[in-house]
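Trainee: File name target_20.cif; file contents mmCIF, C-alpha atoms; full text below.
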```
data_model
loop_
_atom_site.label_atom_id
_atom_site.label_comp_id
_atom_site.auth_asym_id
_atom_site.auth_seq_id
_atom_site.Cartn_x
_atom_site.Cartn_y
_atom_site.Cartn_z
CA MET A 441 -134.57 49.23 -73.54
CA SER A 442 -136.65 49.23 -76.73
CA PHE A 443 -138.46 45.98 -75.92
CA GLY A 444 -139.01 46.99 -72.29
CA LEU A 445 -140.56 50.33 -73.22
CA LEU A 446 -142.56 48.60 -75.95
CA ALA A 447 -144.06 46.38 -73.22
CA ALA A 448 -144.84 49.47 -71.11
CA GLY A 449 -146.55 51.12 -74.06
CA ILE A 450 -148.57 48.00 -74.82
CA SER A 451 -149.74 47.71 -71.21
CA THR A 452 -150.59 51.41 -70.91
CA PHE A 453 -152.83 51.64 -73.96
CA ALA A 454 -154.33 48.15 -73.56
CA LEU A 455 -155.44 49.02 -70.02
CA LEU A 456 -156.32 52.66 -70.57
CA TYR A 457 -158.78 51.89 -73.36
CA SER A 458 -159.77 48.38 -72.29
CA THR A 459 -163.47 49.24 -72.06
CA GLN A 460 -163.65 51.22 -75.32
CA ALA A 461 -164.43 48.30 -77.65
CA LEU A 462 -166.78 46.91 -74.98
CA LEU A 463 -169.02 49.97 -74.63
CA PRO A 464 -171.99 48.51 -76.55
CA ALA A 465 -171.84 45.35 -74.41
CA ILE A 466 -171.52 47.41 -71.19
CA SER A 467 -174.46 49.59 -72.25
CA GLY A 468 -176.62 46.54 -72.90
CA ASP A 469 -175.67 44.63 -69.74
CA LEU A 470 -175.84 47.55 -67.30
CA GLY A 471 -178.71 49.35 -69.03
CA VAL A 472 -176.90 52.67 -69.58
CA SER A 473 -176.65 55.08 -72.52
CA PRO A 474 -173.55 55.48 -74.73
CA GLY A 475 -172.74 58.76 -72.97
CA GLN A 476 -172.90 57.10 -69.53
CA ALA A 477 -170.91 54.05 -70.64
CA SER A 478 -168.23 56.33 -72.16
CA TRP A 479 -167.32 57.48 -68.64
CA SER A 480 -165.58 54.12 -68.15
CA VAL A 481 -163.08 55.40 -70.71
CA SER A 482 -163.11 59.12 -69.84
CA ALA A 483 -162.61 58.46 -66.12
CA ALA A 484 -159.37 56.60 -66.79
CA THR A 485 -157.96 59.17 -69.23
CA GLY A 486 -159.11 62.10 -67.10
CA ALA A 487 -157.52 60.67 -63.94
CA LEU A 488 -154.30 60.05 -65.85
CA ALA A 489 -154.28 63.65 -67.05
CA LEU A 490 -154.63 64.93 -63.48
CA ALA A 491 -152.06 62.55 -61.96
CA VAL A 492 -149.30 62.81 -64.54
CA LEU A 493 -147.86 66.11 -63.22
CA PRO A 494 -147.47 65.11 -59.54
CA LEU A 495 -146.10 61.72 -60.59
CA SER A 496 -143.57 63.42 -62.85
CA ALA A 497 -142.27 65.19 -59.73
CA LEU A 498 -141.94 61.81 -57.98
CA SER A 499 -139.95 60.53 -60.96
CA GLU A 500 -137.41 63.30 -60.36
CA ARG A 501 -136.93 62.02 -56.83
CA PHE A 502 -137.19 58.23 -57.13
CA GLY A 503 -136.20 57.65 -60.75
CA ARG A 504 -138.06 57.05 -63.99
CA ARG A 505 -137.59 53.28 -64.04
CA THR A 506 -138.80 52.80 -60.47
CA LEU A 507 -141.91 54.90 -60.96
CA MET A 508 -142.83 53.14 -64.21
CA THR A 509 -142.44 49.74 -62.52
CA VAL A 510 -144.74 50.71 -59.64
CA SER A 511 -147.28 52.27 -61.99
CA LEU A 512 -147.52 49.24 -64.25
CA SER A 513 -147.79 46.88 -61.28
CA VAL A 514 -150.56 48.80 -59.49
CA ALA A 515 -152.50 49.27 -62.73
CA ALA A 516 -152.34 45.52 -63.45
CA VAL A 517 -153.65 44.66 -59.97
CA VAL A 518 -156.57 47.09 -60.34
CA ALA A 519 -157.26 45.64 -63.80
CA LEU A 520 -157.72 42.20 -62.24
CA LEU A 521 -160.30 43.67 -59.83
CA THR A 522 -162.25 45.61 -62.47
CA PRO A 523 -164.24 42.62 -63.85
CA PHE A 524 -165.91 42.26 -60.45
CA ALA A 525 -167.42 45.79 -60.49
CA PRO A 526 -171.13 45.34 -59.57
CA ASP A 527 -172.40 48.43 -61.42
CA LEU A 528 -171.34 51.38 -63.58
CA GLY A 529 -170.41 53.52 -60.56
CA TRP A 530 -167.88 50.97 -59.28
CA LEU A 531 -166.59 50.37 -62.79
CA VAL A 532 -165.96 54.08 -63.35
CA ALA A 533 -164.31 54.42 -59.91
CA LEU A 534 -161.94 51.50 -60.51
CA ARG A 535 -161.12 52.82 -63.97
CA ALA A 536 -160.24 56.21 -62.47
CA VAL A 537 -157.84 54.55 -60.00
CA GLN A 538 -156.35 52.59 -62.87
CA GLY A 539 -155.84 55.72 -64.95
CA ALA A 540 -154.15 57.53 -62.07
CA ALA A 541 -151.81 54.56 -61.57
CA LEU A 542 -150.92 54.43 -65.26
CA ALA A 543 -149.94 58.11 -65.20
CA GLY A 544 -146.48 57.14 -63.98
CA VAL A 545 -145.60 55.70 -67.40
CA PRO A 546 -146.14 58.78 -69.59
CA ALA A 547 -144.85 60.96 -66.74
CA SER A 548 -141.49 59.18 -66.90
CA ALA A 549 -141.02 57.42 -70.24
CA MET A 550 -140.22 60.41 -72.44
CA ALA A 551 -137.95 61.98 -69.83
CA TYR A 552 -136.17 58.61 -69.46
CA LEU A 553 -135.60 58.44 -73.22
CA ALA A 554 -134.49 62.09 -73.42
CA GLU A 555 -131.86 61.39 -70.76
CA GLU A 556 -130.67 58.02 -72.04
CA VAL A 557 -130.92 58.45 -75.84
CA ARG A 558 -128.81 61.06 -77.59
CA GLY A 559 -129.08 63.20 -80.71
CA LYS A 560 -131.22 62.39 -83.70
CA ALA A 561 -132.06 58.94 -82.33
CA LEU A 562 -134.44 60.50 -79.80
CA VAL A 563 -137.34 61.01 -82.25
CA GLY A 564 -137.03 57.41 -83.43
CA ALA A 565 -136.86 56.08 -79.86
CA ILE A 566 -139.97 58.01 -78.86
CA GLY A 567 -141.61 56.82 -82.06
CA LEU A 568 -141.01 53.21 -80.96
CA PHE A 569 -142.58 53.92 -77.57
CA VAL A 570 -145.59 55.49 -79.29
CA ALA A 571 -145.67 52.44 -81.56
CA GLY A 572 -145.97 50.30 -78.42
CA ASN A 573 -148.98 52.42 -77.48
CA SER A 574 -150.59 51.67 -80.83
CA ILE A 575 -149.87 47.93 -80.52
CA GLY A 576 -151.36 47.95 -77.03
CA GLY A 577 -154.45 49.80 -78.18
CA MET A 578 -154.90 47.37 -81.04
CA SER A 579 -154.21 44.13 -79.18
CA GLY A 580 -156.27 45.13 -76.15
CA ARG A 581 -159.32 45.97 -78.23
CA ILE A 582 -159.07 42.87 -80.42
CA LEU A 583 -158.60 40.66 -77.36
CA THR A 584 -161.56 42.18 -75.53
CA GLY A 585 -163.76 42.01 -78.63
CA TRP A 586 -163.38 38.28 -79.18
CA VAL A 587 -163.33 37.32 -75.50
CA ALA A 588 -166.47 39.40 -74.91
CA GLN A 589 -168.25 37.70 -77.80
CA ALA A 590 -167.53 34.29 -76.26
CA TRP A 591 -167.71 34.93 -72.51
CA GLY A 592 -168.87 38.50 -71.91
CA TRP A 593 -167.26 41.86 -71.22
CA ARG A 594 -166.16 40.98 -67.68
CA ALA A 595 -164.06 38.07 -68.92
CA ALA A 596 -162.63 40.39 -71.55
CA LEU A 597 -161.44 42.85 -68.89
CA ALA A 598 -159.86 39.97 -66.95
CA ALA A 599 -157.93 38.91 -70.07
CA VAL A 600 -156.53 42.43 -70.49
CA GLY A 601 -155.53 42.44 -66.83
CA LEU A 602 -153.50 39.25 -67.35
CA LEU A 603 -151.83 40.79 -70.42
CA ALA A 604 -150.91 43.87 -68.37
CA ALA A 605 -149.39 41.73 -65.61
CA VAL A 606 -147.15 39.95 -68.14
CA CYS A 607 -146.07 43.30 -69.64
CA ALA A 608 -145.17 44.65 -66.20
CA VAL A 609 -142.86 41.67 -65.60
CA VAL A 610 -141.27 42.02 -69.04
CA PHE A 611 -140.66 45.73 -68.48
CA ARG A 612 -138.95 45.17 -65.15
CA LEU A 613 -136.71 42.44 -66.54
CA LEU A 614 -135.63 44.26 -69.72
CA VAL A 615 -135.36 48.00 -69.05
CA PRO A 616 -131.85 48.87 -67.84
CA ARG A 617 -131.06 51.13 -64.93
CA ALA A 618 -130.66 54.77 -65.88
CA ARG A 619 -127.09 55.88 -66.55
CA HIS A 620 -127.69 59.62 -66.72
CA PHE A 621 -130.38 60.17 -64.08
CA THR A 622 -129.62 62.32 -61.04
CA SER A 623 -132.13 62.42 -58.19
CA ARG A 624 -133.54 65.92 -57.74
CA PRO A 625 -136.24 66.29 -55.07
CA VAL A 626 -138.92 68.63 -56.40
CA GLY A 627 -140.86 70.68 -53.87
CA PRO A 628 -144.22 72.34 -54.60
CA ARG A 629 -142.66 75.77 -55.22
CA ALA A 630 -139.95 74.44 -57.50
CA LEU A 631 -142.54 72.37 -59.36
CA ALA A 632 -144.76 75.42 -59.78
CA ARG A 633 -141.83 77.47 -61.12
CA THR A 634 -140.91 74.75 -63.61
CA ILE A 635 -144.49 74.35 -64.80
CA GLY A 636 -144.89 78.11 -65.05
CA GLY A 637 -141.74 78.34 -67.14
CA HIS A 638 -142.98 75.68 -69.56
CA LEU A 639 -146.42 77.26 -69.86
CA ALA A 640 -144.77 80.62 -70.58
CA ASP A 641 -143.05 79.13 -73.63
CA PRO A 642 -145.25 79.84 -76.70
CA LEU A 643 -143.88 76.87 -78.66
CA LEU A 644 -144.62 74.42 -75.85
CA ARG A 645 -148.13 75.84 -75.43
CA ARG A 646 -148.81 75.29 -79.12
CA LEU A 647 -147.50 71.73 -78.97
CA TYR A 648 -149.69 70.99 -75.94
CA ALA A 649 -152.78 72.31 -77.73
CA ILE A 650 -152.01 70.32 -80.89
CA GLY A 651 -151.60 67.10 -78.90
CA ALA A 652 -154.94 67.70 -77.14
CA LEU A 653 -156.76 68.39 -80.42
CA PHE A 654 -155.40 65.30 -82.15
CA MET A 655 -156.41 63.17 -79.19
CA THR A 656 -159.89 64.72 -79.12
CA VAL A 657 -160.46 63.30 -82.60
CA PHE A 658 -159.00 59.92 -81.74
CA GLY A 659 -160.93 59.62 -78.48
CA ALA A 660 -164.22 60.59 -80.12
CA VAL A 661 -163.89 58.27 -83.11
CA TYR A 662 -162.81 55.13 -81.27
CA THR A 663 -165.25 55.61 -78.40
CA VAL A 664 -168.22 55.72 -80.76
CA ILE A 665 -167.20 53.55 -83.72
CA GLY A 666 -168.31 50.34 -82.00
CA TYR A 667 -171.87 51.65 -81.64
CA ARG A 668 -171.96 52.58 -85.31
CA LEU A 669 -170.64 49.27 -86.59
CA ILE A 670 -173.09 47.10 -84.65
CA GLU A 671 -176.01 49.11 -86.04
CA GLU A 672 -177.51 49.36 -89.55
CA PRO A 673 -176.24 49.11 -92.25
CA PHE A 674 -173.23 47.14 -90.94
CA ASN A 675 -174.63 44.88 -88.16
CA LEU A 676 -171.20 43.52 -87.24
CA PRO A 677 -170.78 41.12 -84.26
CA GLN A 678 -168.71 42.14 -81.21
CA GLY A 679 -165.68 40.07 -82.16
CA VAL A 680 -165.48 41.55 -85.64
CA VAL A 681 -165.89 45.07 -84.24
CA GLY A 682 -162.92 44.39 -81.96
CA SER A 683 -160.88 43.21 -84.94
CA ILE A 684 -161.47 46.57 -86.65
CA PHE A 685 -158.73 47.86 -84.37
CA LEU A 686 -156.18 46.03 -86.49
CA VAL A 687 -155.91 49.41 -88.21
CA TYR A 688 -153.71 50.36 -85.23
CA LEU A 689 -150.92 48.63 -87.15
CA VAL A 690 -150.95 51.67 -89.41
CA GLY A 691 -150.39 53.83 -86.33
CA THR A 692 -147.43 51.67 -85.38
CA LEU A 693 -145.82 52.32 -88.75
CA SER A 694 -146.66 56.03 -88.95
CA SER A 695 -145.41 56.81 -85.44
CA ALA A 696 -142.18 54.86 -85.96
CA ALA A 697 -141.64 56.76 -89.25
CA ALA A 698 -142.27 60.17 -87.69
CA GLY A 699 -138.55 60.86 -87.31
CA GLN A 700 -137.93 60.44 -91.04
CA LEU A 701 -141.01 62.51 -91.83
CA VAL A 702 -139.72 65.43 -89.75
CA ALA A 703 -136.23 65.12 -91.26
CA ARG A 704 -137.63 65.37 -94.80
CA LEU A 705 -140.47 67.85 -94.40
CA GLY A 706 -139.81 69.73 -91.17
CA ARG A 707 -141.99 69.72 -88.07
CA ARG A 708 -144.72 72.06 -89.31
CA SER A 709 -145.08 70.43 -92.73
CA ALA A 710 -145.31 67.03 -91.03
CA LEU A 711 -148.11 68.37 -88.84
CA TYR A 712 -149.99 69.74 -91.88
CA LEU A 713 -149.76 66.30 -93.48
CA ALA A 714 -151.03 64.63 -90.30
CA VAL A 715 -153.97 67.05 -90.03
CA GLY A 716 -154.93 66.58 -93.69
CA THR A 717 -154.72 62.80 -93.45
CA THR A 718 -156.92 62.74 -90.34
CA ALA A 719 -159.50 65.09 -91.84
CA LEU A 720 -159.73 63.06 -95.05
CA GLY A 721 -160.24 59.92 -92.99
CA LEU A 722 -163.08 61.54 -91.06
CA LEU A 723 -164.86 62.47 -94.28
CA LEU A 724 -164.51 58.94 -95.67
CA THR A 725 -166.22 57.45 -92.61
CA LEU A 726 -169.42 59.30 -93.52
CA THR A 727 -170.14 56.77 -96.27
CA SER A 728 -172.30 53.69 -95.75
CA THR A 729 -169.74 51.35 -97.37
CA LEU A 730 -167.77 49.26 -94.90
CA LEU A 731 -164.59 49.33 -97.01
CA ALA A 732 -164.66 53.13 -97.19
CA VAL A 733 -165.24 53.37 -93.43
CA LEU A 734 -162.27 51.08 -92.80
CA LEU A 735 -160.08 53.17 -95.12
CA GLY A 736 -161.21 56.26 -93.23
CA LEU A 737 -160.21 54.66 -89.92
CA VAL A 738 -156.81 53.77 -91.42
CA LEU A 739 -156.23 57.41 -92.42
CA ILE A 740 -157.45 58.76 -89.07
CA THR A 741 -155.13 56.38 -87.22
CA ALA A 742 -152.11 57.15 -89.42
CA GLY A 743 -152.64 60.89 -89.16
CA PHE A 744 -153.19 60.82 -85.41
CA PHE A 745 -150.15 58.75 -84.52
CA ALA A 746 -147.90 60.75 -86.86
CA GLY A 747 -149.11 64.04 -85.38
CA HIS A 748 -148.74 62.76 -81.83
CA ALA A 749 -145.20 61.46 -82.40
CA VAL A 750 -144.10 64.76 -84.01
CA ALA A 751 -145.64 66.92 -81.28
CA SER A 752 -144.44 64.81 -78.34
CA SER A 753 -140.86 64.50 -79.64
CA SER A 754 -140.80 68.27 -80.26
CA VAL A 755 -141.71 68.83 -76.60
CA SER A 756 -138.80 66.68 -75.43
CA ARG A 757 -136.43 68.49 -77.78
CA THR A 758 -137.68 71.98 -76.89
CA ALA A 759 -137.46 71.63 -73.10
CA THR A 760 -133.87 71.88 -71.91
CA THR A 761 -134.74 71.75 -68.18
CA GLY A 762 -137.55 70.05 -66.30
CA ARG A 763 -138.06 67.57 -69.13
CA ALA A 764 -140.28 65.32 -67.02
CA GLN A 765 -142.62 68.23 -66.26
CA ALA A 766 -142.60 69.38 -69.89
CA SER A 767 -143.56 65.89 -71.04
CA ALA A 768 -146.09 65.60 -68.21
CA LEU A 769 -147.81 68.81 -69.29
CA TYR A 770 -148.04 67.43 -72.82
CA GLN A 771 -149.49 64.18 -71.50
CA SER A 772 -151.99 66.09 -69.35
CA ALA A 773 -153.21 68.04 -72.37
CA TYR A 774 -153.15 64.90 -74.51
CA TYR A 775 -155.26 62.78 -72.15
CA LEU A 776 -157.61 65.64 -71.28
CA GLY A 777 -158.21 65.76 -75.03
CA SER A 778 -158.92 62.03 -74.97
CA SER A 779 -161.31 62.36 -72.05
CA ALA A 780 -163.13 65.30 -73.64
CA GLY A 781 -163.20 63.60 -77.03
CA GLY A 782 -164.64 60.37 -75.65
CA THR A 783 -167.43 62.11 -73.75
CA LEU A 784 -168.22 64.77 -76.36
CA GLY A 785 -168.02 62.22 -79.16
CA ALA A 786 -170.57 60.00 -77.40
CA ILE A 787 -172.85 62.97 -76.72
CA ALA A 788 -172.57 64.12 -80.35
CA PHE A 789 -173.35 60.58 -81.54
CA HIS A 790 -176.39 60.35 -79.28
CA ALA A 791 -177.65 63.76 -80.48
CA ALA A 792 -176.80 63.73 -84.20
CA GLY A 793 -175.49 60.28 -85.08
CA TRP A 794 -172.10 59.58 -86.61
CA GLU A 795 -172.24 62.86 -88.53
CA GLY A 796 -172.14 64.75 -85.23
CA THR A 797 -169.00 62.89 -84.17
CA VAL A 798 -167.34 63.68 -87.51
CA VAL A 799 -168.18 67.39 -87.20
CA LEU A 800 -166.55 67.40 -83.75
CA GLY A 801 -163.41 65.77 -85.19
CA LEU A 802 -163.19 68.15 -88.13
CA ALA A 803 -163.50 71.14 -85.79
CA ALA A 804 -160.57 69.82 -83.74
CA MET A 805 -158.45 69.40 -86.90
CA VAL A 806 -159.28 72.95 -88.02
CA GLY A 807 -157.99 74.09 -84.64
CA ALA A 808 -154.74 72.12 -85.01
CA ALA A 809 -154.20 73.45 -88.55
CA SER A 810 -154.84 77.02 -87.38
CA ILE A 811 -152.25 76.73 -84.60
CA THR A 812 -149.69 75.31 -87.03
CA LEU A 813 -150.46 78.04 -89.59
CA TYR A 814 -149.94 80.71 -86.93
CA ALA A 815 -146.56 79.19 -86.07
CA THR A 816 -145.61 79.09 -89.76
CA ARG A 817 -146.47 82.76 -90.29
CA LYS A 818 -144.62 83.74 -87.14
CA ALA A 819 -141.52 81.86 -88.28
CA LEU A 820 -141.65 83.52 -91.71
CA ALA A 821 -142.01 86.95 -90.11
CA GLN A 822 -138.96 86.30 -87.92
CA ARG A 823 -136.94 85.24 -90.95
CA ARG A 824 -137.90 88.39 -92.84
CA ALA A 825 -136.97 90.52 -89.85
CA LEU A 826 -133.55 88.84 -89.60
CA ALA A 827 -132.98 89.25 -93.35
CA ALA A 828 -133.87 92.96 -93.18
CA ALA A 829 -131.54 93.46 -90.19
CA ARG A 830 -128.65 91.99 -92.19
#
```
Using C-alpha cells, write down the structure that the file contains.

Mentor:
Amino acid sequence: MSFGLLAAGISTFALLYSTQALLPAISGDLGVSPGQASWSVSAATGALALAVLPLSALSERFGRRTLMTVSLSVAAVVALLTPFAPDLGWLVALRAVQGAALAGVPASAMAYLAEEVRGKALVGAIGLFVAGNSIGGMSGRILTGWVAQAWGWRAALAAVGLLAAVCAVVFRLLVPRARHFTSRPVGPRALARTIGGHLADPLLRRLYAIGALFMTVFGAVYTVIGYRLIEEPFNLPQGVVGSIFLVYLVGTLSSAAAGQLVARLGRRSALYLAVGTTALGLLLTLTSTLLAVLLGLVLITAGFFAGHAVASSSVSRTATTGRAQASALYQSAYYLGSSAGGTLGAIAFHAAGWEGTVVLGLAAMVGAASITLYATRKALAQRRALAAAR
C-alpha cells in the first residue's frame, strides 16, 4: 500500500507541475511573458481544484482504488500528448484536462487511507503519501530541467509522461483492494448536504484556509524561482535550475516527520513552527548569494510540507462522516491556493521583481499565523470556561 500510494504521489506532483521548471524555456520559445507562461501551471492546478469535489463523489460510488487508477491512466495519456501542443493556448487546454484527470488521486487517497489505516498510524501514512508528492515534484522538475537543456522543453514533457505511465502501472499492481470500503451512491442533494456540513464546521474551515495559504506561498515561489535563477546575478543554466528542486528531499523528510511533530508539540504549535520556518526562508531568498537563496528554499520547502501534512491529516481526523468530501474540500482550497499563488507570484515578479513575490508569500504566512492564533485563543477561552464551570 505504501509503495503504491508513493507511486501515485510521485505521478501526481510530477505531472501537475511538469511545466513549472520549464517556464523560462516556454516563454522564450513561444514568445510569451512569465505571467502568460504561468497559466500552463495554474490551469492544471485550477482544474484539479474544481474537479476534486465531483470526483470525490464518484469515489464513494465506484471505490477509491478504481478512481485513482483511472485518474492516473488518463493523466498519463494526456501527458504524452502535451509535447505536441502547437501554441500556448493548446498547451494550457491540455494542462487543464490533465489537472482535472489528476483530481481523482487527492479526491480518493486520503479517504482510502482513513478507511484502511487505523489509529495513530494515520498521520504517518498520510505523511508518506505527501512525501511521495514531494519526491514527484522534485524528480519531475529535475528530469525536465536536464532533458530540456539537452533536447528542449517538449522532450522534457514527454519524459515526464513516460514516468507517469510507469507510476500508473506500479500503483495498479501494488495497491491492495479496499477492505473497509462500502459503496455509497452520492446524489447532488446528499453531496450538497455533506459539503454544507463540512463548511459549517469552524475547525475544518480554518484548516482549509491554512492549506490554501501555505500552497499560495509554495506556488508563487516555485513558479518564479526559475526566472530569477537564470537572470543576474546567478545566470544558471536550465539543467542546474532544474536540479535546485533537490531541496524537495527536505519536504519528504518534514512531511514524513509531521506525525511525530504533532505528537510532541500539538497541532497548533506545529503549525506555528511551519509558518515561522517558511517566513524565515522567504526572507533569506532576498539575498544575492546563491547559498543563502538555496537555504531559503530549503526552509520554505520544509515549512510548507510540514504545514500541509499537519493540516491535511487534521482534516481526515476531524471529519467523522463524508471523509472523501472533507478531504476533497481541503484539496480544492489547497490547489486553488496553488493556482492563485502561481499566477499572482508571476504577476508580482513581473511588476516588482523577486521582492514582490516574497511580499506576497509573507502576507500569506501572516494570514496562516493569524488563523492559528485565533484558534489558540479560542481553545484557551474554552478551557477557562470549563475550569470556571467546575

Trainee: Written as a PyMOL selection string, which residues does the PyMOL selection byres ((chain A and resi 486) around 9) give for the file shown?

Mentor: chain A and resi 481-485+487-491+536+539-540+772+775-780

Trainee: Which residues would end up in the selection if the PyMOL selection byres ((chain A and resi 494) around 10) were applied here, given that I need the answer as JSON, numbers by chain?

Mentor: {"A": [490, 491, 492, 493, 495, 496, 497, 498, 499, 543, 544, 547, 626, 628, 631, 765, 768]}

Trainee: Taking the file above as input, evaluate the PyMOL selection byres ((chain A and resi 458-464) around 8) and report the hits as a count of residues only.

Mentor: 28

Trainee: Residues within 8 Å of (-158.1, 67.3, -84.2), file coordinates, counting only C-alpha atoms: what are they? Give the list as a PyMOL selection string.

Mentor: chain A and resi 650+652-658+715+718+801-808

Trainee: Which one is closest to Val733 of chain A: A:Ala746, A:Ala766, A:Ala590, A:Leu669? Count all atoms listed in the file.

Mentor: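 Closest candidate: A:Leu669.
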